[in-house]
file coords26.csv (CSV, C-alpha atoms and all ligand atoms)
chain,number,residue,atom,x,y,z
U,12,MET,CA,31.7,-3.8,3.7
U,13,LYS,CA,28.1,-4.0,5.1
U,14,ILE,CA,27.2,-0.7,3.6
U,15,GLN,CA,28.5,-1.8,0.2
U,16,MET,CA,26.3,-5.0,0.3
U,17,HIS,CA,23.2,-2.9,1.3
U,18,GLU,CA,23.8,-0.6,-1.7
U,19,ASN,CA,24.2,-3.5,-4.1
U,20,ILE,CA,20.9,-5.0,-2.9
U,21,LEU,CA,19.1,-1.7,-3.4
U,22,GLN,CA,20.7,-1.2,-6.8
U,23,ALA,CA,19.6,-4.7,-7.9
U,24,ASN,CA,16.1,-4.0,-6.5
U,25,ASP,CA,16.0,-0.7,-8.5
U,26,ARG,CA,16.6,-2.6,-11.8
U,27,TYR,CA,13.7,-4.9,-11.2
U,28,ALA,CA,11.5,-2.0,-10.0
U,29,GLU,CA,12.3,-0.1,-13.3
U,30,LYS,CA,11.3,-3.3,-15.3
U,31,ASN,CA,8.1,-3.5,-13.3
U,32,ARG,CA,7.3,0.2,-13.9
U,33,SER,CA,7.7,-0.2,-17.7
U,34,PHE,CA,5.4,-3.3,-17.6
U,35,PHE,CA,2.8,-1.4,-15.6
U,36,ARG,CA,3.1,1.7,-17.9
U,37,GLU,CA,2.6,-0.5,-21.0
U,38,HIS,CA,-0.5,-2.0,-19.5
U,39,GLY,CA,-1.9,1.3,-18.1
U,40,VAL,CA,-2.1,-0.1,-14.6
U,41,LEU,CA,-2.0,2.1,-11.5
U,42,VAL,CA,0.1,0.4,-8.8
U,43,VAL,CA,-0.2,1.2,-5.1
U,44,ASN,CA,2.3,0.0,-2.4
U,45,MET,CA,0.6,-0.1,1.0
U,46,ILE,CA,2.8,0.1,4.0
U,47,ALA,CA,1.8,0.0,7.7
U,48,SER,CA,2.5,-1.7,11.0
U,49,PRO,CA,1.1,-5.2,11.6
U,50,GLY,CA,-2.7,-5.0,12.2
U,51,ALA,CA,-3.1,-1.3,11.2
U,52,GLY,CA,-5.9,-2.4,8.9
U,53,LYS,CA,-4.4,-2.8,5.4
U,54,THR,CA,-6.3,-5.9,4.4
U,55,SER,CA,-9.5,-4.5,5.9
U,56,MET,CA,-9.1,-1.4,3.8
U,57,ILE,CA,-8.7,-3.5,0.6
U,58,GLU,CA,-11.8,-5.5,1.6
U,59,ARG,CA,-13.9,-2.4,2.0
U,60,LEU,CA,-12.5,-0.9,-1.3
U,61,LEU,CA,-13.6,-4.1,-3.0
U,62,GLU,CA,-17.0,-4.2,-1.3
U,63,ILE,CA,-17.9,-0.6,-2.3
U,64,SER,CA,-16.7,-1.2,-5.9
U,65,ASN,CA,-18.8,-4.4,-6.0
U,66,GLY,CA,-15.8,-6.7,-6.4
U,67,ASN,CA,-14.5,-4.6,-9.4
U,68,PRO,CA,-12.7,-7.0,-11.7
U,69,GLY,CA,-10.3,-4.1,-12.5
U,70,ILE,CA,-8.8,-4.4,-9.1
U,71,ALA,CA,-6.0,-6.9,-8.5
U,72,VAL,CA,-4.2,-7.5,-5.2
U,73,ILE,CA,-0.8,-8.9,-4.1
U,74,GLU,CA,-0.6,-9.8,-0.5
U,75,GLY,CA,2.8,-9.9,1.3
U,76,ASP,CA,3.2,-11.7,4.6
U,77,LEU,CA,5.9,-13.7,6.3
U,78,ALA,CA,3.7,-16.8,6.4
U,79,THR,CA,0.2,-18.1,5.5
U,80,ALA,CA,-2.3,-17.2,2.7
U,81,GLN,CA,-4.8,-15.8,5.1
U,82,ASP,CA,-4.9,-12.3,3.7
U,83,ALA,CA,-5.1,-13.4,0.1
U,84,ASN,CA,-8.0,-15.7,1.1
U,85,ARG,CA,-9.8,-12.7,2.7
U,86,ILE,CA,-9.5,-10.9,-0.6
U,87,LEU,CA,-10.8,-14.0,-2.6
U,88,ASN,CA,-13.7,-14.2,-0.1
U,89,CYS,CA,-14.7,-10.6,-1.1
U,90,GLY,CA,-14.8,-11.6,-4.7
U,91,GLY,CA,-11.4,-10.0,-5.5
U,92,GLN,CA,-8.4,-11.5,-7.3
U,93,ALA,CA,-5.3,-12.0,-5.2
U,94,VAL,CA,-1.9,-13.7,-5.1
U,95,GLN,CA,-0.1,-14.3,-1.8
U,96,ILE,CA,3.7,-13.9,-1.5
U,97,ASN,CA,5.3,-15.4,1.6
U,98,THR,CA,8.7,-13.9,2.5
U,99,ASP,CA,9.6,-16.7,4.9
U,100,GLY,CA,10.9,-14.3,7.5
U,101,GLY,CA,11.7,-11.4,5.2
U,102,CYS,CA,10.5,-8.0,6.6
U,103,HIS,CA,9.5,-6.5,3.2
U,104,LEU,CA,8.5,-7.2,-0.4
U,105,ASP,CA,11.0,-6.5,-3.1
U,106,ALA,CA,10.6,-5.7,-6.8
U,107,LYS,CA,11.8,-9.2,-7.9
U,108,MET,CA,9.2,-10.9,-5.8
U,109,ILE,CA,6.5,-8.7,-7.5
U,110,SER,CA,7.9,-9.4,-11.0
U,111,LYS,CA,7.6,-13.2,-10.4
U,112,VAL,CA,3.9,-13.1,-9.6
U,113,LEU,CA,2.8,-10.7,-12.4
U,114,PRO,CA,1.9,-13.6,-14.8
U,115,ALA,CA,-0.9,-14.6,-12.4
U,116,PHE,CA,-3.0,-11.7,-13.5
U,117,GLU,CA,-4.7,-10.7,-16.8
U,118,PHE,CA,-3.4,-7.1,-16.9
U,119,ASP,CA,-5.5,-6.2,-19.9
U,120,LYS,CA,-8.5,-6.3,-17.6
U,121,VAL,CA,-6.8,-4.7,-14.6
U,122,ASP,CA,-6.7,-0.9,-13.8
U,123,LEU,CA,-5.5,-0.9,-10.3
U,124,LEU,CA,-3.0,-3.2,-8.5
U,125,LEU,CA,-2.9,-2.9,-4.7
U,126,ILE,CA,0.2,-4.4,-3.1
U,127,GLU,CA,-0.1,-5.0,0.6
U,128,ASN,CA,3.4,-5.0,2.0
U,129,VAL,CA,4.6,-7.0,5.0
U,130,GLY,CA,3.4,-5.3,8.2
U,131,ASN,CA,6.4,-3.1,9.2
U,132,LEU,CA,7.0,0.7,9.3
U,133,VAL,CA,10.7,0.4,8.6
U,134,CYS,CA,12.1,-2.0,5.9
U,135,PRO,CA,9.4,-1.7,3.2
U,136,SER,CA,10.1,2.0,2.7
U,137,SER,CA,13.6,1.4,1.2
U,138,PHE,CA,12.4,-1.0,-1.5
U,139,ASP,CA,10.8,0.5,-4.7
U,140,LEU,CA,8.4,-2.0,-6.2
U,141,GLY,CA,7.8,0.0,-9.4
U,142,GLU,CA,4.7,1.6,-7.9
U,143,ASP,CA,3.0,4.9,-8.7
U,144,LEU,CA,1.7,5.7,-5.3
U,145,ARG,CA,2.6,4.8,-1.7
U,146,ILE,CA,0.0,4.6,0.9
U,147,VAL,CA,1.0,4.5,4.6
U,148,VAL,CA,-1.8,3.4,7.0
U,149,LEU,CA,-1.7,4.6,10.6
U,150,SER,CA,-4.3,3.3,13.0
U,151,SER,CA,-5.4,5.3,16.0
U,152,SER,CA,-4.6,2.5,18.4
U,153,GLU,CA,-0.9,2.7,17.5
U,154,GLY,CA,-0.5,6.2,18.8
U,155,ASP,CA,-0.1,9.6,17.2
U,156,ASP,CA,3.7,9.7,17.7
U,157,LYS,CA,4.3,7.2,14.9
U,158,PRO,CA,4.9,9.7,12.0
U,159,SER,CA,7.6,11.5,14.0
U,160,LYS,CA,9.2,8.2,15.1
U,161,TYR,CA,9.2,6.5,11.7
U,162,PRO,CA,9.8,9.6,9.5
U,163,ALA,CA,11.2,7.9,6.4
U,164,THR,CA,8.1,5.9,5.7
U,165,PHE,CA,5.8,8.9,6.2
U,166,ALA,CA,8.0,11.3,4.2
U,167,ALA,CA,7.9,8.9,1.2
U,168,ALA,CA,4.2,8.3,1.2
U,169,ASP,CA,1.8,10.0,-1.3
U,170,ILE,CA,-1.2,9.2,0.8
U,171,ALA,CA,-1.6,8.8,4.6
U,172,VAL,CA,-4.7,6.9,5.7
U,173,LEU,CA,-5.7,7.4,9.3
U,174,ASN,CA,-7.6,4.2,10.2
U,175,LYS,CA,-9.7,3.1,13.1
U,176,THR,CA,-11.2,6.5,13.6
U,177,ASP,CA,-14.0,4.7,15.5
U,178,LEU,CA,-11.5,4.0,18.3
U,179,ILE,CA,-10.3,7.6,18.7
U,180,PRO,CA,-12.7,8.3,21.7
U,181,TYR,CA,-11.1,5.3,23.6
U,182,VAL,CA,-7.4,5.7,22.8
U,183,ASP,CA,-4.8,8.4,23.3
U,184,PHE,CA,-4.7,9.7,19.7
U,185,SER,CA,-4.8,13.2,18.4
U,186,SER,CA,-5.6,13.3,14.7
U,187,GLU,CA,-4.4,16.9,14.7
U,188,ARG,CA,-1.0,15.9,16.0
U,189,ALA,CA,-0.7,13.0,13.6
U,190,GLU,CA,-1.7,15.1,10.6
U,191,ARG,CA,0.5,18.0,11.6
U,192,ASP,CA,3.6,15.7,11.9
U,193,ILE,CA,2.8,14.0,8.6
U,194,ARG,CA,2.5,17.4,6.9
U,195,THR,CA,5.8,18.6,8.4
U,196,LEU,CA,7.5,15.5,7.0
U,197,ASN,CA,5.6,15.6,3.8
U,198,PRO,CA,3.7,18.7,2.8
U,199,ASN,CA,2.2,17.1,-0.3
U,200,ALA,CA,0.7,14.0,1.3
U,201,ARG,CA,-3.0,13.5,1.0
U,202,VAL,CA,-4.6,12.5,4.3
U,203,PHE,CA,-7.7,10.3,4.4
U,204,PRO,CA,-9.4,9.5,7.8
U,205,VAL,CA,-11.2,6.2,7.5
U,206,CYS,CA,-12.9,3.5,9.5
U,207,CYS,CA,-12.6,0.0,8.0
U,208,LYS,CA,-15.1,-1.8,10.3
U,209,PRO,CA,-17.5,-3.6,8.1
U,210,ASP,CA,-20.6,-2.3,9.9
U,211,ALA,CA,-19.4,1.2,10.4
U,212,CYS,CA,-17.2,1.9,7.4
U,213,SER,CA,-16.4,5.5,6.6
U,214,GLY,CA,-14.1,7.5,4.3
U,215,ILE,CA,-13.5,4.6,1.9
U,216,SER,CA,-15.5,6.1,-1.0
U,217,GLU,CA,-13.4,9.3,-0.9
U,218,LEU,CA,-10.2,7.1,-1.1
U,219,LEU,CA,-11.7,5.0,-3.9
U,220,ALA,CA,-12.7,8.1,-5.8
U,221,TYR,CA,-9.1,9.4,-5.6
U,222,LEU,CA,-7.5,6.1,-6.6
U,223,SER,CA,-10.0,5.8,-9.5
U,224,GLU,CA,-9.1,9.3,-10.8
U,225,LYS,CA,-5.4,8.4,-10.6
U,226,ALA,CA,-6.1,5.0,-12.4
U,227,ALA,CA,-7.9,6.8,-15.2
U,228,GLU,CA,-4.9,9.2,-15.6
U,229,LYS,CA,-2.5,6.3,-15.8
U,230,ARG,CA,-4.6,4.5,-18.4
U,231,GLN,CA,-4.6,7.6,-20.5
U,232,GLU,CA,-0.8,7.8,-20.2
U,233,GLY,CA,-0.6,4.1,-21.4
U,234,PHE,CA,-2.5,5.1,-24.6
U,235,ARG,CA,-0.2,8.1,-25.4
W,1,LIG,N1,-12.2,-0.9,15.4
W,1,LIG,C1,-11.6,-1.1,14.2
W,1,LIG,N2,-11.0,-2.2,13.9
W,1,LIG,C2,-10.4,-2.3,12.7
W,1,LIG,C3,-10.5,-1.3,11.7
W,1,LIG,N3,-9.8,-1.7,10.6
W,1,LIG,C4,-9.3,-2.9,10.9
W,1,LIG,N4,-9.7,-3.3,12.2
W,1,LIG,C5,-9.3,-4.6,12.9
W,1,LIG,O1,-7.9,-4.6,13.1
W,1,LIG,C6,-7.4,-5.9,13.0
W,1,LIG,C7,-6.3,-6.0,12.0
W,1,LIG,O2,-6.8,-5.7,10.7
W,1,LIG,P1,-6.1,-6.2,9.3
W,1,LIG,O3,-6.9,-5.6,8.2
W,1,LIG,O4,-5.9,-7.7,9.4
W,1,LIG,O5,-4.7,-5.5,9.5
W,1,LIG,P2,-3.4,-5.6,8.5
W,1,LIG,O6,-2.8,-4.3,8.5
W,1,LIG,O7,-3.8,-6.2,7.2
W,1,LIG,O8,-2.6,-6.7,9.4
W,1,LIG,P3,-1.3,-7.5,8.9
W,1,LIG,O9,-1.5,-8.0,7.5
W,1,LIG,O10,-1.2,-8.7,9.9
W,1,LIG,O11,-0.1,-6.6,9.0
W,1,LIG,C8,-8.6,-6.8,12.6
W,1,LIG,O12,-9.1,-7.4,13.8
W,1,LIG,C9,-9.6,-5.8,12.0
W,1,LIG,O13,-10.9,-6.2,12.2
W,1,LIG,C10,-11.2,-0.1,12.1
W,1,LIG,O14,-11.3,0.8,11.3
W,1,LIG,N5,-11.7,-0.1,13.3
W,2,MG,MG,-3.1,-7.8,6.2

call {"tool": "encode", "arguments": {"input": "coords26.csv", "output": "structure tokens", "more": "lines below"}}
Ligand SMILES: Nc1nc2c(ncn2[C@@H]2O[C@H](COP(=O)(O)OP(=O)(O)OP(=O)(O)O)[C@@H](O)[C@H]2O)c(=O)[nH]1
Ligand SMILES: [Mg+2]
result
Amino acid sequence: MKIQMHENILQANDRYAEKNRSFFREHGVLVVNMIASPGAGKTSMIERLLEISNGNPGIAVIEGDLATAQDANRILNCGGQAVQINTDGGCHLDAKMISKVLPAFEFDKVDLLLIENVGNLVCPSSFDLGEDLRIVVLSSSEGDDKPSKYPATFAAADIAVLNKTDLIPYVDFSSERAERDIRTLNPNARVFPVCCKPDACSGISELLAYLSEKAAEKRQEGFR
């Protein structure tokens, strides 16, 4: 009975995700679903991406949190455009929640939509939002065992960002082990080591260059 309900929920989600995907295809928008533990640095990464692209008006952000608009406000303070979704206790975003907030953006002017999912390495991975790419962010202070302990999330990601590289000398974290375990689960994943500290930021321009290339490809597909 429980299994049946879970399947129905996922099927209903898939229908909304397909609608979202058609909408994004029509508008030529590249959509990225960002998944990570609480505090891994998802919002910091978006802040740095916005800063190095000078508050690019082509970047829109949806923030998912259980409560508060703090993350959306951080994006607005960086000159970005953002909408906050509060799940009121829900451990993940779903495709219906995304579809409801889409009217808040002018998609003719947007190339890249970044969706920051609720901080959690488990639930978000089962829910397709209609995205093109999934990014999983792993920060060094969480430990290098997380890919092998949360395999579904790492196996389904297109990009793995290893954040807080500045802390590696002070914590027990082997980038080699983390990267090896990610590649075992997911040989095609691209791995970007980054630091999202405002005064010592690194690796973000490589990530932005990759996302920009993918956004240009998606825009071209929209025109075909
Ligand atoms: N040392 C260091 N701290 C970082 C780095 N990136 C983020 N932080 C810090 O980590 C903390 C959490 O960062 P956030 O960007 O809020 O993390 P988040 O994943 O968005 O967190 P939730 O939205 O609560 O899940 C903040 O204190 C950041 O300043 C980094 O590269 N190095
Ligand atoms: Mg955040």

call {"tool": "residues_around", "arguments": {"input": "coords26.csv", "residues": "Asp169 of chain U", "least_positions_apart": "6", "cutoff": "7 Å", "atoms": "only C-alpha atoms", "output": "PyMOL selection string"}}
result
chain U and resi 144-146+200-201

call {"tool": "residues_near_point", "arguments": {"input": "coords26.csv", "point": "(-12.0, 3.9, 0.4)", "cutoff": "7 Å", "atoms": "only C-alpha atoms", "output": "PyMOL selection string"}}
result
chain U and resi 56+59-60+214-219

call {"tool": "residues_near_ligand", "arguments": {"input": "coords26.csv", "ligand": "ligand MG 2 (chain W)", "cutoff": "6 Å", "atoms": "all atoms listed in the file", "output": "PyMOL selection string"}}
result
chain U and resi 53-54+82

call {"tool": "residues_around", "arguments": {"input": "coords26.csv", "residues": "Gly69 of chain U", "least_positions_apart": "4", "cutoff": "6 Å", "atoms": "all atoms listed in the file", "output": "short mmCIF file (atom, residue, chain, number, x, y, z; two decimals) with C-alpha atoms, in the coordinates of the input"}}
result
data_model
loop_
_atom_site.label_atom_id
_atom_site.label_comp_id
_atom_site.auth_asym_id
_atom_site.auth_seq_id
_atom_site.Cartn_x
_atom_site.Cartn_y
_atom_site.Cartn_z
CA LYS U 120 -8.50 -6.30 -17.60
CA VAL U 121 -6.80 -4.70 -14.60
CA ASP U 122 -6.70 -0.90 -13.80
#

call {"tool": "closest_atom_pairs", "arguments": {"input": "coords26.csv", "of": "chain U", "to": "ligand LIG 1 (chain W)", "cutoff": "8 Å", "atoms": "all atoms listed in the file", "output": "tab-separated table"}}
result
residue	atom	partner	partner_atom	distance
U:Ala47	CA	W:LIG1	O6	6.3
U:Ser48	CA	W:LIG1	O11	5.9
U:Pro49	CA	W:LIG1	O11	3.2
U:Gly50	CA	W:LIG1	O8	3.3
U:Ala51	CA	W:LIG1	O6	4.0
U:Gly52	CA	W:LIG1	O5	3.4
U:Lys53	CA	W:LIG1	O6	3.8
U:Thr54	CA	W:LIG1	O7	3.8
U:Ser55	CA	W:LIG1	O3	3.6
U:Met56	CA	W:LIG1	O3	6.5
U:Gly75	CA	W:LIG1	O9	7.8
U:Asp76	CA	W:LIG1	O9	6.6
U:Asp82	CA	W:LIG1	O9	6.7
U:Glu127	CA	W:LIG1	O9	7.7
U:Asn128	CA	W:LIG1	O9	8.0
U:Val129	CA	W:LIG1	O11	6.2
U:Gly130	CA	W:LIG1	O11	3.8
U:Asn131	CA	W:LIG1	O11	7.4
U:Val148	CA	W:LIG1	O6	7.9
U:Ser150	CA	W:LIG1	O14	7.6
U:Asn174	CA	W:LIG1	O14	5.1
U:Lys175	CA	W:LIG1	O14	3.3
U:Thr176	CA	W:LIG1	O14	6.1
U:Asp177	CA	W:LIG1	N5	5.8
U:Leu178	CA	W:LIG1	N1	5.7
U:Val205	CA	W:LIG1	O14	6.6
U:Cys206	CA	W:LIG1	O14	3.6
U:Cys207	CA	W:LIG1	O14	3.6
U:Lys208	CA	W:LIG1	C10	4.6
U:Cys212	CA	W:LIG1	O14	7.2

call {"tool": "closest_residue", "arguments": {"input": "coords26.csv", "among": "U:Ile46, U:Leu104, U:Val172, U:Gln92", "to": "Leu123 of chain U", "atoms": "only C-alpha atoms"}}
result
U:Gln92

call {"tool": "closest_residue", "arguments": {"input": "coords26.csv", "among": "U:Asp99, U:Glu62, U:Asp119, U:Asp210", "to": "Leu77 of chain U", "atoms": "all atoms listed in the file"}}
result
U:Asp99

call {"tool": "closest_residue", "arguments": {"input": "coords26.csv", "among": "U:Asp25, U:Glu74, U:Glu37, U:Asp105", "to": "Arg230 of chain U", "atoms": "only C-alpha atoms"}}
result
U:Glu37

call {"tool": "closest_residue", "arguments": {"input": "coords26.csv", "among": "U:Ile170, U:Ala189, U:Asn97, U:Phe138", "to": "Asp156 of chain U", "atoms": "only C-alpha atoms"}}
result
U:Ala189

call {"tool": "residues_around", "arguments": {"input": "coords26.csv", "residues": "Ala166 of chain U", "least_positions_apart": "5", "cutoff": "8 Å", "atoms": "all atoms listed in the file", "output": "list in words"}}
result
Ile193, Leu196 and Asn197 of chain U

call {"tool": "closest_residue", "arguments": {"input": "coords26.csv", "among": "U:Cys89, U:Ala163, U:Ile109, U:Val40", "to": "Cys134 of chain U", "atoms": "all atoms listed in the file"}}
result
U:Ala163

call {"tool": "residues_around", "arguments": {"input": "coords26.csv", "residues": "Asn84 of chain U", "least_positions_apart": "2", "cutoff": "12 Å", "atoms": "only C-alpha atoms", "output": "list in words"}}
result
Thr54, Glu58, Val72, Ile73, Glu74, Thr79, Ala80, Gln81, Asp82, Ile86, Leu87, Asn88, Cys89, Gly90, Gly91, Gln92, Ala93, Val94 and Gln95 of chain U

call {"tool": "residues_around", "arguments": {"input": "coords26.csv", "residues": "Leu124 of chain U", "least_positions_apart": "3", "cutoff": "6 Å", "atoms": "only C-alpha atoms", "output": "ChimeraX atom specification"}}
result
/U:42,70-72
